[in-house]
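entry_1.csv (CSV, C-alpha atoms and all ligand atoms)
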```csv
chain,number,residue,atom,x,y,z
A,1403,MET,CA,-13.9,11.2,-9.7
A,1404,VAL,CA,-13.0,14.2,-7.5
A,1405,ALA,CA,-15.6,16.0,-5.6
A,1406,GLN,CA,-15.2,19.7,-5.8
A,1407,PRO,CA,-15.7,21.8,-2.7
A,1408,SER,CA,-18.1,24.6,-3.2
A,1409,VAL,CA,-17.4,28.2,-2.5
A,1410,ILE,CA,-20.4,30.0,-1.2
A,1411,SER,CA,-21.3,33.3,-2.8
A,1412,GLU,CA,-22.1,35.2,0.3
A,1413,CYS,CA,-20.8,35.2,3.8
A,1414,SER,CA,-21.8,38.2,5.6
A,1415,LYS,CA,-23.9,39.3,8.5
A,1416,GLY,CA,-26.9,38.4,6.5
A,1417,SER,CA,-26.2,34.7,7.0
A,1418,GLU,CA,-25.9,35.1,10.7
A,1419,SER,CA,-28.9,32.9,11.4
A,1420,VAL,CA,-27.2,30.1,9.6
A,1421,LYS,CA,-23.9,30.7,11.3
A,1422,THR,CA,-25.3,30.5,14.8
A,1423,ALA,CA,-25.5,26.7,14.5
A,1424,ARG,CA,-21.8,26.7,13.7
A,1425,SER,CA,-18.8,27.1,15.9
A,1426,ARG,CA,-15.3,28.2,15.3
A,1427,ASP,CA,-12.6,25.5,15.9
A,1428,ASP,CA,-10.7,26.4,19.1
A,1429,GLU,CA,-7.4,25.5,17.6
A,1430,LEU,CA,-7.7,26.1,13.9
A,1431,TRP,CA,-9.1,29.6,13.7
A,1432,PHE,CA,-6.6,32.2,12.8
A,1433,GLU,CA,-7.7,35.8,12.7
A,1434,ASP,CA,-5.3,36.5,9.8
A,1435,GLY,CA,-6.3,33.3,8.0
A,1436,THR,CA,-7.1,33.7,4.3
A,1437,ILE,CA,-9.7,30.9,3.8
A,1438,ILE,CA,-12.6,29.6,5.8
A,1439,ILE,CA,-13.5,25.9,5.5
A,1440,ILE,CA,-16.8,24.8,6.9
A,1441,ALA,CA,-17.1,21.1,7.7
A,1442,GLN,CA,-20.4,20.0,9.4
A,1443,THR,CA,-20.9,22.7,12.0
A,1444,THR,CA,-17.3,23.6,12.5
A,1445,GLU,CA,-15.5,26.6,10.9
A,1446,PHE,CA,-11.8,26.5,10.3
A,1447,ARG,CA,-9.9,29.7,9.3
A,1448,VAL,CA,-6.5,28.9,7.9
A,1449,TYR,CA,-4.2,29.9,5.1
A,1450,LYS,CA,-4.8,29.5,1.4
A,1451,GLY,CA,-1.1,28.9,0.7
A,1452,HIS,CA,-1.0,25.8,2.9
A,1453,LEU,CA,-3.9,24.3,1.1
A,1454,ALA,CA,-2.9,25.3,-2.4
A,1455,ARG,CA,0.6,23.7,-1.9
A,1456,ARG,CA,-0.8,20.4,-0.8
A,1457,THR,CA,-4.0,19.7,-2.5
A,1458,ASP,CA,-4.4,19.9,-6.3
A,1459,VAL,CA,-8.1,20.4,-6.0
A,1460,PHE,CA,-7.8,23.5,-3.9
A,1461,LYS,CA,-4.9,24.7,-5.9
A,1462,ASP,CA,-7.0,24.6,-9.1
A,1463,MET,CA,-10.0,26.2,-7.4
A,1464,LEU,CA,-8.0,28.9,-5.8
A,1465,SER,CA,-6.0,29.7,-9.0
A,1466,PHE,CA,-9.1,31.1,-10.7
A,1467,PRO,CA,-10.4,34.6,-10.1
A,1468,GLN,CA,-13.2,34.1,-7.7
A,1469,PRO,CA,-16.0,36.6,-8.0
A,1470,THR,CA,-17.6,34.7,-5.1
A,1471,ARG,CA,-15.2,36.1,-2.6
A,1472,SER,CA,-16.8,38.4,-0.2
A,1473,ALA,CA,-15.9,40.4,2.8
A,1474,VAL,CA,-15.9,38.5,6.1
A,1475,SER,CA,-16.1,40.3,9.3
A,1476,SER,CA,-13.4,39.4,11.8
A,1477,GLU,CA,-13.5,40.0,15.5
A,1478,ASP,CA,-12.2,43.5,15.2
A,1479,ASP,CA,-14.6,44.4,12.3
A,1480,GLN,CA,-11.9,44.6,9.7
A,1481,LYS,CA,-13.0,43.4,6.3
A,1482,PHE,CA,-11.0,41.7,3.7
A,1483,PRO,CA,-11.8,39.1,1.0
A,1484,CYS,CA,-11.8,35.6,2.3
A,1485,PRO,CA,-13.3,32.7,0.4
A,1486,VAL,CA,-15.5,30.4,2.3
A,1487,VAL,CA,-15.5,26.8,1.3
A,1488,HIS,CA,-18.2,24.3,2.3
A,1489,VAL,CA,-17.0,20.7,2.3
A,1490,THR,CA,-19.1,17.6,2.9
A,1491,ASP,CA,-16.5,15.8,5.0
A,1492,SER,CA,-16.4,15.4,8.7
A,1493,ALA,CA,-14.9,18.2,10.8
A,1494,ARG,CA,-12.9,15.5,12.5
A,1495,ASP,CA,-11.0,14.6,9.3
A,1496,TRP,CA,-10.4,18.2,8.4
A,1497,ARG,CA,-9.1,19.0,11.9
A,1498,ILE,CA,-6.6,16.2,11.5
A,1499,ILE,CA,-5.5,17.3,8.0
A,1500,LEU,CA,-5.2,21.0,8.8
A,1501,ARG,CA,-3.3,20.3,12.0
A,1502,LEU,CA,-0.8,18.2,9.9
A,1503,MET,CA,-0.5,20.9,7.3
A,1504,LEU,CA,0.1,23.7,9.8
A,1505,SER,CA,2.5,21.6,11.9
A,1506,ALA,CA,5.9,23.2,12.3
A,1507,GLU,CA,7.6,19.9,11.7
A,1508,GLU,CA,5.6,18.8,8.7
A,1509,GLN,CA,8.5,17.1,7.1
A,1510,GLY,CA,6.6,13.9,7.1
A,1511,LEU,CA,3.4,12.4,8.3
A,1512,PHE,CA,5.2,10.1,10.7
A,1513,SER,CA,7.8,12.2,12.4
A,1514,LYS,CA,9.5,11.2,15.6
A,1515,SER,CA,6.6,12.7,17.6
A,1516,ARG,CA,4.1,10.7,15.6
A,1517,PRO,CA,5.8,7.3,15.1
A,1518,ASP,CA,2.6,5.3,15.4
A,1519,PRO,CA,-0.4,7.2,14.0
A,1520,SER,CA,-3.8,6.2,15.1
A,1521,PHE,CA,-6.3,4.7,12.6
A,1522,GLU,CA,-8.2,8.0,12.9
A,1523,VAL,CA,-5.2,9.9,11.5
A,1524,ILE,CA,-4.5,7.4,8.8
A,1525,SER,CA,-8.2,7.4,7.8
A,1526,ALA,CA,-8.4,11.2,7.5
A,1527,CYS,CA,-5.2,11.3,5.4
A,1528,VAL,CA,-6.4,8.6,3.0
A,1529,ARG,CA,-10.0,9.8,2.7
A,1530,LEU,CA,-9.3,13.5,2.2
A,1531,GLY,CA,-6.0,12.8,0.5
A,1532,HIS,CA,-7.8,10.7,-2.0
A,1533,LYS,CA,-10.7,13.1,-2.5
A,1534,TYR,CA,-8.7,16.3,-2.8
A,1535,GLN,CA,-5.6,15.0,-4.4
A,1536,MET,CA,-3.3,15.7,-1.5
A,1537,ASN,CA,-0.7,13.5,-3.1
A,1538,SER,CA,2.0,13.6,-0.4
A,1539,ILE,CA,-0.3,13.1,2.5
A,1540,TYR,CA,-2.2,10.3,0.7
A,1541,GLY,CA,1.0,8.6,-0.4
A,1542,GLN,CA,2.5,8.6,3.0
A,1543,ALA,CA,-0.6,7.2,4.6
A,1544,MET,CA,-1.2,4.6,2.0
A,1545,ASP,CA,2.5,3.5,2.1
A,1546,TYR,CA,2.1,3.1,5.8
A,1547,LEU,CA,-1.0,0.9,5.4
A,1548,LYS,CA,0.7,-1.2,2.6
A,1549,GLY,CA,3.7,-1.7,4.9
A,1550,HIS,CA,1.5,-3.4,7.4
A,1551,PHE,CA,-1.3,-4.9,5.4
A,1552,THR,CA,1.2,-6.4,3.1
A,1553,ASP,CA,0.9,-8.5,-0.1
A,1554,SER,CA,4.4,-9.9,0.5
A,1555,LEU,CA,4.9,-13.3,2.2
A,1556,PHE,CA,8.4,-12.3,2.9
A,1557,ILE,CA,7.3,-9.2,5.0
A,1558,TYR,CA,4.6,-11.2,6.6
A,1559,LYS,CA,7.1,-13.9,7.8
A,1560,LYS,CA,9.3,-11.2,9.3
A,1561,THR,CA,6.4,-9.5,11.2
A,1562,PRO,CA,3.4,-11.9,11.3
A,1563,THR,CA,1.0,-9.2,12.5
A,1564,PHE,CA,-0.8,-6.7,10.3
A,1565,MET,CA,-2.2,-4.3,12.7
A,1566,PRO,CA,0.0,-1.2,13.1
A,1567,PRO,CA,1.0,-0.3,16.7
A,1568,GLY,CA,-1.2,2.8,16.8
A,1569,PHE,CA,-4.4,1.0,15.7
A,1570,GLU,CA,-4.8,-0.6,19.2
A,1571,HIS,CA,-7.6,-2.9,18.2
A,1572,LEU,CA,-8.4,-5.5,15.6
A,1573,LYS,CA,-11.7,-3.8,14.8
A,1574,TYR,CA,-9.9,-1.1,12.8
A,1575,ALA,CA,-9.3,-3.7,10.2
A,1576,ILE,CA,-12.9,-2.8,9.2
A,1577,GLY,CA,-11.8,0.7,8.5
A,1578,VAL,CA,-8.8,-0.5,6.4
A,1579,VAL,CA,-11.2,-2.7,4.3
A,1580,ASN,CA,-13.4,0.4,3.7
A,1581,LEU,CA,-10.3,2.5,2.8
A,1582,ALA,CA,-9.2,-0.2,0.4
A,1583,ARG,CA,-12.6,-0.3,-1.2
A,1584,LEU,CA,-12.7,3.5,-1.5
A,1585,THR,CA,-9.3,3.9,-3.0
A,1586,GLU,CA,-9.3,0.6,-5.0
A,1587,GLU,CA,-5.9,-0.2,-3.4
A,1588,ASP,CA,-6.4,-4.0,-3.8
A,1589,THR,CA,-3.2,-5.2,-2.3
A,1590,ILE,CA,-4.2,-4.2,1.3
A,1591,LEU,CA,-7.6,-5.8,1.0
A,1592,PRO,CA,-6.8,-9.5,1.6
A,1593,THR,CA,-5.0,-9.1,4.9
A,1594,ALA,CA,-7.5,-6.5,6.1
A,1595,LEU,CA,-10.4,-8.8,5.3
A,1596,TRP,CA,-8.5,-11.7,6.9
A,1597,MET,CA,-8.2,-9.7,10.1
A,1598,CYS,CA,-11.9,-9.0,10.0
A,1599,CYS,CA,-12.5,-12.8,9.8
A,1600,ARG,CA,-10.6,-13.2,13.1
A,1601,MET,CA,-13.0,-10.8,14.9
A,1602,GLY,CA,-15.9,-11.8,17.1
A,1603,ALA,CA,-19.1,-9.8,17.5
A,1604,ASP,CA,-17.3,-6.6,16.7
A,1605,ILE,CA,-17.4,-7.5,13.1
A,1606,VAL,CA,-21.0,-6.5,13.1
A,1607,SER,CA,-20.9,-3.5,15.4
A,1608,GLY,CA,-17.8,-1.9,13.9
A,1609,PHE,CA,-16.0,0.9,15.7
A,1610,THR,CA,-16.6,4.4,16.8
A,1611,TYR,CA,-14.5,7.5,16.0
A,1612,SER,CA,-13.7,10.1,18.6
A,1613,ASP,CA,-16.6,12.3,17.5
A,1614,GLY,CA,-19.1,9.4,17.8
A,1615,GLU,CA,-19.3,8.5,14.2
A,1616,ARG,CA,-19.6,4.7,13.7
A,1617,GLU,CA,-18.1,2.8,10.9
A,1618,THR,CA,-19.0,-0.7,9.9
A,1619,LEU,CA,-18.3,-3.1,7.0
A,1620,SER,CA,-20.6,-2.8,4.0
A,1621,SER,CA,-23.2,-5.5,3.9
A,1622,PRO,CA,-21.5,-7.3,0.9
A,1623,ASP,CA,-18.2,-7.3,2.8
A,1624,LEU,CA,-19.8,-8.5,6.0
A,1625,GLY,CA,-21.4,-11.4,4.1
A,1626,LEU,CA,-18.1,-12.1,2.4
A,1627,CYS,CA,-16.4,-12.4,5.8
A,1628,PHE,CA,-18.9,-14.9,7.1
A,1629,VAL,CA,-18.4,-17.1,4.1
A,1630,ALA,CA,-14.6,-16.6,4.2
A,1631,LYS,CA,-14.3,-17.5,7.8
A,1632,ALA,CA,-15.8,-20.9,7.2
A,1633,ARG,CA,-13.4,-21.4,4.2
A,1634,LEU,CA,-10.4,-20.3,6.3
A,1635,LEU,CA,-11.3,-22.7,9.1
A,1636,GLN,CA,-11.6,-25.5,6.6
A,1637,ALA,CA,-8.3,-24.6,5.1
A,1638,THR,CA,-6.7,-24.4,8.5
A,1639,THR,CA,-7.9,-27.8,9.6
A,1640,LEU,CA,-6.9,-29.4,6.3
A,1641,ALA,CA,-3.5,-27.8,6.5
A,1642,TYR,CA,-2.9,-29.3,10.0
A,1643,MET,CA,-4.1,-32.7,9.0
A,1644,GLN,CA,-1.6,-32.6,6.1
A,1645,THR,CA,1.2,-31.2,8.2
A,1646,PHE,CA,0.9,-33.9,10.9
A,1647,ALA,CA,0.0,-36.8,8.7
A,1648,ASP,CA,2.3,-39.8,8.9
A,1649,LEU,CA,5.6,-39.1,7.2
A,1650,PRO,CA,6.6,-41.3,4.2
A,1651,ALA,CA,8.7,-44.4,5.0
A,1652,GLY,CA,12.5,-43.8,4.9
A,1653,ILE,CA,12.5,-40.3,6.5
A,1654,CYS,CA,12.7,-41.2,10.1
A,1655,ALA,CA,16.2,-41.7,11.5
A,1656,LEU,CA,15.1,-44.0,14.3
A,1657,LYS,CA,15.8,-47.7,14.3
A,1658,ASP,CA,13.2,-50.1,13.0
A,1659,GLY,CA,10.7,-50.8,15.7
A,1660,ASP,CA,11.2,-47.5,17.5
A,1661,ASP,CA,7.9,-45.8,17.1
A,1662,ARG,CA,8.6,-42.6,19.1
A,1663,CYS,CA,8.2,-40.3,16.1
A,1664,ARG,CA,4.9,-41.9,15.0
A,1665,ARG,CA,3.6,-41.4,18.6
A,1666,ALA,CA,4.9,-37.9,18.7
A,1667,LEU,CA,3.3,-37.0,15.4
A,1668,ARG,CA,-0.1,-38.4,16.5
A,1669,GLU,CA,0.0,-36.4,19.8
A,1670,LEU,CA,1.1,-33.3,18.0
A,1671,SER,CA,-1.8,-33.4,15.6
A,1672,ASP,CA,-4.2,-34.1,18.5
A,1673,ILE,CA,-3.0,-31.1,20.5
A,1674,LYS,CA,-2.5,-28.6,17.7
A,1675,ILE,CA,-5.7,-29.3,15.8
A,1676,VAL,CA,-7.8,-28.0,18.7
A,1677,ALA,CA,-6.0,-24.6,18.5
A,1678,ALA,CA,-6.1,-24.7,14.7
A,1679,ILE,CA,-9.8,-25.1,14.2
A,1680,THR,CA,-10.7,-22.3,16.5
A,1681,MET,CA,-8.6,-19.8,14.7
A,1682,PRO,CA,-9.0,-19.2,10.9
A,1683,ASN,CA,-5.3,-19.0,10.2
A,1684,PRO,CA,-3.9,-21.5,7.7
A,1685,MET,CA,-0.6,-19.5,7.8
A,1686,SER,CA,0.3,-20.4,11.3
A,1687,ILE,CA,3.5,-22.3,12.0
A,1688,TYR,CA,3.5,-24.5,15.1
A,1689,LYS,CA,6.4,-25.9,17.0
A,1690,SER,CA,6.9,-29.6,16.2
A,1691,THR,CA,7.8,-30.4,19.8
A,1692,LEU,CA,5.6,-31.7,22.6
A,1693,PRO,CA,5.5,-30.2,26.0
A,1694,GLY,CA,7.1,-32.2,28.8
A,1695,ALA,CA,10.4,-33.9,29.1
A,1696,ASP,CA,8.9,-37.4,29.0
A,1697,ALA,CA,6.8,-36.7,26.0
A,1698,PRO,CA,7.8,-38.5,22.8
A,1699,GLN,CA,9.7,-36.2,20.6
A,1700,LEU,CA,10.4,-36.3,16.8
A,1701,CYS,CA,13.9,-37.2,15.7
A,1702,LYS,CA,15.8,-34.5,13.9
A,1703,ALA,CA,15.0,-35.9,10.4
A,1704,CYS,CA,11.2,-36.0,11.1
A,1705,ALA,CA,11.2,-32.6,12.7
A,1706,THR,CA,12.9,-31.2,9.6
A,1707,ALA,CA,10.4,-32.9,7.4
A,1708,ILE,CA,7.5,-31.4,9.4
A,1709,THR,CA,9.1,-27.9,9.2
A,1710,GLN,CA,9.4,-28.2,5.4
A,1711,ARG,CA,5.8,-29.2,5.2
A,1712,GLN,CA,4.8,-26.2,7.3
A,1713,VAL,CA,6.8,-23.8,5.1
A,1714,GLN,CA,5.3,-25.2,2.0
A,1715,ARG,CA,1.8,-25.1,3.4
A,1716,GLN,CA,2.3,-21.5,4.4
A,1717,ARG,CA,3.4,-20.5,0.9
A,1718,GLU,CA,0.4,-22.3,-0.6
A,1719,SER,CA,-2.0,-20.7,1.9
A,1720,TRP,CA,-0.6,-17.2,1.2
A,1721,ALA,CA,-1.1,-17.8,-2.5
A,1722,LYS,CA,-4.7,-18.9,-1.9
A,1723,LEU,CA,-5.6,-16.2,0.5
A,1724,PRO,CA,-7.6,-14.0,-1.9
A,1725,SER,CA,-9.6,-17.0,-3.3
A,1726,LEU,CA,-10.3,-18.2,0.3
A,1727,LEU,CA,-11.6,-14.7,1.0
A,1728,GLY,CA,-13.7,-14.7,-2.2
A,1729,ILE,CA,-11.9,-11.8,-3.9
A,1730,THR,CA,-9.5,-11.3,-6.8
A,1731,VAL,CA,-6.4,-9.3,-6.4
A,1732,PRO,CA,-4.4,-8.9,-9.7
A,1733,GLY,CA,-0.8,-9.9,-9.3
A,1734,TRP,CA,-1.2,-11.7,-5.9
B,1801,ZN,ZN,11.8,-39.7,13.2
```
For this file, write the structure as structure tokens.
Ligand SMILES: [Zn+2]
Amino acid sequence: MVAQPSVISECSKGSESVKTARSRDDELWFEDGTIIIIAQTTEFRVYKGHLARRTDVFKDMLSFPQPTRSAVSSEDDQKFPCPVVHVTDSARDWRIILRLMLSAEEQGLFSKSRPDPSFEVISACVRLGHKYQMNSIYGQAMDYLKGHFTDSLFIYKKTPTFMPPGFEHLKYAIGVVNLARLTEEDTILPTALWMCCRMGADIVSGFTYSDGERETLSSPDLGLCFVAKARLLQATTLAYMQTFADLPAGICALKDGDDRCRRALRELSDIKIVAAITMPNPMSIYKSTLPGADAPQLCKACATAITQRQVQRQRESWAKLPSLLGITVPGW
């Protein structure tokens, strides 16, 4: 469903009392602009052509004759038709989008000057892009999210972190979950929810945008994370127990009676399990060596066997991730 912006029927000096509560945006108010967009208490005056080219919703709206157009007084008292569009979105999101549209180097959302967009930028692009069918902006922003919050184990293994460089803090995973829910882009949901499960108290308080608006997880998603965190910790602990369990007879290359590998395995499991059970990450790969030159070390054959176990466990954990989180993702 696409929300239609509304064009108000009258914008003249008669509405001055309403307008006093509003202010023109310092940057995005052009005296020769051909459309006024009002978001919250901010007025933007920009160009119809920019909007019509990039958003199907505005293109459709502006393609019809609009009897609702009326004269708007500019600073120098000139009058010319200028539609005024009220939107229900935040001024913050519209400022970001209009700035992108009017940018001289708008070849792409992520140009050299914007290599690592903030979550605030991505969020605006996804929210308004989705709502107003800004296909290019939405596509670029969603591709960026999918590139980080991946559904590919291969990509995860190359870059085992999901948070994009510009997002700065794990708490923005909350925003990614909400974007996934809004757009029904299921593939970014598991890793975003997983990141939420790694958060501390921030998972409840959420995060704050630059204009003071706070965003939190929905109550159902918050509950889901509490349950999922316990499941992930169980899976992590089980994975480590399985990884460092005694190896079957015949694998160790040491002579009979040499129990260095057995001792090393036991110490590995003791040391690693403490780290494992405090972090809900059944995907983690740990070194199969013990610190210290005099510590017992695994022989090459045993180390290889442990590595194979870890790779297998990682593959299984990745496949189980949605079910551990309590969600279903078609095709995962
Ligand atoms: Zn061995």
Subject >> Nearest to ligand ZN 1801 (chain B), chosen from A:Met1685, A:Ile1729, A:Ala1637, A:Ala1651, with only C-alpha atoms and all ligand atoms counted in the distances >> reply: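 Checking each of A:Met1685, A:Ile1729, A:Ala1637, A:Ala1651 against ligand ZN 1801 (chain B), counting only C-alpha atoms and all ligand atoms, the winner is A:Ala1651.
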Using only C-alpha atoms and all ligand atoms, tabulate the residues of chain A lying at most 6 Å from any atom of ligand ZN 1801 (chain B), each with its closest atom pair and that distance in Å to one decimal, by chain and increasing residue number, as CSV.
```
residue,atom,partner,partner_atom,distance
A:Cys1654,CA,B:ZN1801,ZN,3.6
A:Ala1655,CA,B:ZN1801,ZN,5.1
A:Leu1656,CA,B:ZN1801,ZN,5.5
A:Cys1663,CA,B:ZN1801,ZN,4.7
A:Leu1700,CA,B:ZN1801,ZN,5.1
A:Cys1701,CA,B:ZN1801,ZN,4.1
A:Ala1703,CA,B:ZN1801,ZN,5.7
A:Cys1704,CA,B:ZN1801,ZN,4.3
```
**OP:** Choose the residue, out of A:Leu1634, A:Cys1627, A:Ile1675, A:Val1731, that has the smallest atom-to-atom separation from Ser1719 in chain A; count only C-alpha atoms.
**Re:** A:Leu1634
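Take the candidates A:Gly1577, A:Val1528, A:Leu1502, A:Thr1436 and check each one against Asp1545 in chain A using all atoms listed in the file; the shortest distance goes to A:Val1528.
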Subject >> Selection near Leu1649 in chain A, 12 Å with all atoms listed in the file, sequence-local residues under 5 positions removed, as a PyMOL selection string >> reply: chain A and resi 1643-1644+1654-1655+1663-1668+1700+1703-1711
With C-alpha atoms retained, export the selected residues as a short mmCIF file (atom, residue, chain, number, x, y, z; two decimals), in the coordinates of the input.
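Now in out_35.cif:
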```cif
data_model
loop_
_atom_site.label_atom_id
_atom_site.label_comp_id
_atom_site.auth_asym_id
_atom_site.auth_seq_id
_atom_site.Cartn_x
_atom_site.Cartn_y
_atom_site.Cartn_z
CA MET A 1643 -4.10 -32.70 9.00
CA GLN A 1644 -1.60 -32.60 6.10
CA CYS A 1654 12.70 -41.20 10.10
CA ALA A 1655 16.20 -41.70 11.50
CA CYS A 1663 8.20 -40.30 16.10
CA ARG A 1664 4.90 -41.90 15.00
CA ARG A 1665 3.60 -41.40 18.60
CA ALA A 1666 4.90 -37.90 18.70
CA LEU A 1667 3.30 -37.00 15.40
CA ARG A 1668 -0.10 -38.40 16.50
CA LEU A 1700 10.40 -36.30 16.80
CA ALA A 1703 15.00 -35.90 10.40
CA CYS A 1704 11.20 -36.00 11.10
CA ALA A 1705 11.20 -32.60 12.70
CA THR A 1706 12.90 -31.20 9.60
CA ALA A 1707 10.40 -32.90 7.40
CA ILE A 1708 7.50 -31.40 9.40
CA THR A 1709 9.10 -27.90 9.20
CA GLN A 1710 9.40 -28.20 5.40
CA ARG A 1711 5.80 -29.20 5.20
#
```
Please produce, as a Markdown table, a per-residue contact table for range 1430-1471 of chain A versus range 1533-1540 of chain A (criterion: any atom at most 8 Å away, all atoms listed in the file considered), showing the nearest atom pair and its distance in Å to one decimal, sorted by chain then residue number.
```
| residue | atom | partner | partner_atom | distance |
| --- | --- | --- | --- | --- |
| A:Arg1456 | CA | A:Met1536 | CA | 5.4 |
| A:Thr1457 | CA | A:Met1536 | CA | 4.2 |
| A:Asp1458 | CA | A:Gln1535 | CA | 5.4 |
| A:Val1459 | CA | A:Tyr1534 | CA | 5.2 |
| A:Phe1460 | CA | A:Tyr1534 | CA | 7.3 |
```
Original post:
Which distance in Å separates CA of Leu1619 in chain A and CA of Ile1576 in chain A, to one decimal?
Top reply: 5.8 Å
**OP:** Pick out the closest residue to Ile1605 in chain A from this set: A:Ile1437, A:Leu1624, A:Ile1557, A:Leu1635. Count only C-alpha atoms.
**Re:** A:Leu1624
Subject >> Closest of A:Asp1648, A:Glu1445, A:Asp1518, A:Asp1428 to Val1486 in chain A - atom-to-atom distances counting all atoms listed in the file >> reply: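 Smallest distance to Val1486 in chain A is found for A:Glu1445.
The residue that comes closest to Arg1426 in chain A, out of A:Ile1498, A:Ala1641, A:Ala1493, A:Leu1453 and on the basis of only C-alpha atoms, is A:Ala1493.
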Original post:
What is the distance between CA of Ile1524 in chain A and CA of Val1629 in chain A, in Å to one decimal?
Top reply: 28.6 Å
**OP:** Give me, please, the distance in Å between CA of Arg1447 in chain A and CA of Gly1435 in chain A, quoted to one decimal.
**Re:** 5.3 Å
Original post:
If you count only C-alpha atoms, which residues fall within 12 Å of Leu1581 in chain A, apart from same-chain ones fewer than 4 positions away, as a count of residues only?
Top reply: 35
Using only C-alpha atoms, which protein or nucleic acid residues come within 8 Å of Leu1430 in chain A? Drop anything in the same chain fewer than 5 positions from it, and give the result as a short mmCIF file (atom, residue, chain, number, x, y, z; two decimals) with C-alpha atoms, in the frame of the given file.
```
data_model
loop_
_atom_site.label_atom_id
_atom_site.label_comp_id
_atom_site.auth_asym_id
_atom_site.auth_seq_id
_atom_site.Cartn_x
_atom_site.Cartn_y
_atom_site.Cartn_z
CA PHE A 1446 -11.80 26.50 10.30
CA ARG A 1447 -9.90 29.70 9.30
CA VAL A 1448 -6.50 28.90 7.90
CA ARG A 1497 -9.10 19.00 11.90
CA LEU A 1500 -5.20 21.00 8.80
CA ARG A 1501 -3.30 20.30 12.00
#
```
Please fill the gaps in range 1482-1495 of chain A so it has N, CA and C atoms, and write that as a JSON list (two decimals), in the coordinates of the input.
```
[["chain", "number", "residue", "atom", "x", "y", "z"],
["A", 1482, "PHE", "N", -11.93, 41.96, 4.80],
["A", 1482, "PHE", "CA", -11.00, 41.70, 3.70],
["A", 1482, "PHE", "C", -11.57, 40.40, 3.00],
["A", 1483, "PRO", "N", -11.22, 40.26, 1.73],
["A", 1483, "PRO", "CA", -11.80, 39.10, 1.00],
["A", 1483, "PRO", "C", -11.27, 37.80, 1.61],
["A", 1484, "CYS", "N", -12.17, 36.91, 1.72],
["A", 1484, "CYS", "CA", -11.80, 35.60, 2.30],
["A", 1484, "CYS", "C", -12.78, 34.57, 1.78],
["A", 1485, "PRO", "N", -12.33, 33.69, 0.90],
["A", 1485, "PRO", "CA", -13.30, 32.70, 0.40],
["A", 1485, "PRO", "C", -13.72, 31.74, 1.49],
["A", 1486, "VAL", "N", -14.95, 31.36, 1.37],
["A", 1486, "VAL", "CA", -15.50, 30.40, 2.30],
["A", 1486, "VAL", "C", -15.87, 29.14, 1.59],
["A", 1487, "VAL", "N", -15.32, 28.06, 2.01],
["A", 1487, "VAL", "CA", -15.50, 26.80, 1.30],
["A", 1487, "VAL", "C", -16.28, 25.81, 2.15],
["A", 1488, "HIS", "N", -17.38, 25.35, 1.60],
["A", 1488, "HIS", "CA", -18.20, 24.30, 2.30],
["A", 1488, "HIS", "C", -17.69, 22.94, 1.78],
["A", 1489, "VAL", "N", -17.40, 22.08, 2.71],
["A", 1489, "VAL", "CA", -17.00, 20.70, 2.30],
["A", 1489, "VAL", "C", -18.02, 19.74, 2.96],
["A", 1490, "THR", "N", -18.11, 18.57, 2.39],
["A", 1490, "THR", "CA", -19.10, 17.60, 2.90],
["A", 1490, "THR", "C", -18.46, 16.53, 3.77],
["A", 1491, "ASP", "N", -17.21, 16.75, 4.14],
["A", 1491, "ASP", "CA", -16.50, 15.80, 5.00],
["A", 1491, "ASP", "C", -16.72, 16.05, 6.44],
["A", 1492, "SER", "N", -16.19, 15.15, 7.27],
["A", 1492, "SER", "CA", -16.40, 15.40, 8.70],
["A", 1492, "SER", "C", -15.38, 16.45, 9.19],
["A", 1493, "ALA", "N", -15.80, 17.19, 10.20],
["A", 1493, "ALA", "CA", -14.90, 18.20, 10.80],
["A", 1493, "ALA", "C", -13.70, 17.45, 11.45],
["A", 1494, "ARG", "N", -13.95, 16.26, 11.90],
["A", 1494, "ARG", "CA", -12.90, 15.50, 12.50],
["A", 1494, "ARG", "C", -11.72, 15.26, 11.51],
["A", 1495, "ASP", "N", -12.07, 14.84, 10.30],
["A", 1495, "ASP", "CA", -11.00, 14.60, 9.30],
["A", 1495, "ASP", "C", -10.31, 15.88, 8.93]]
```
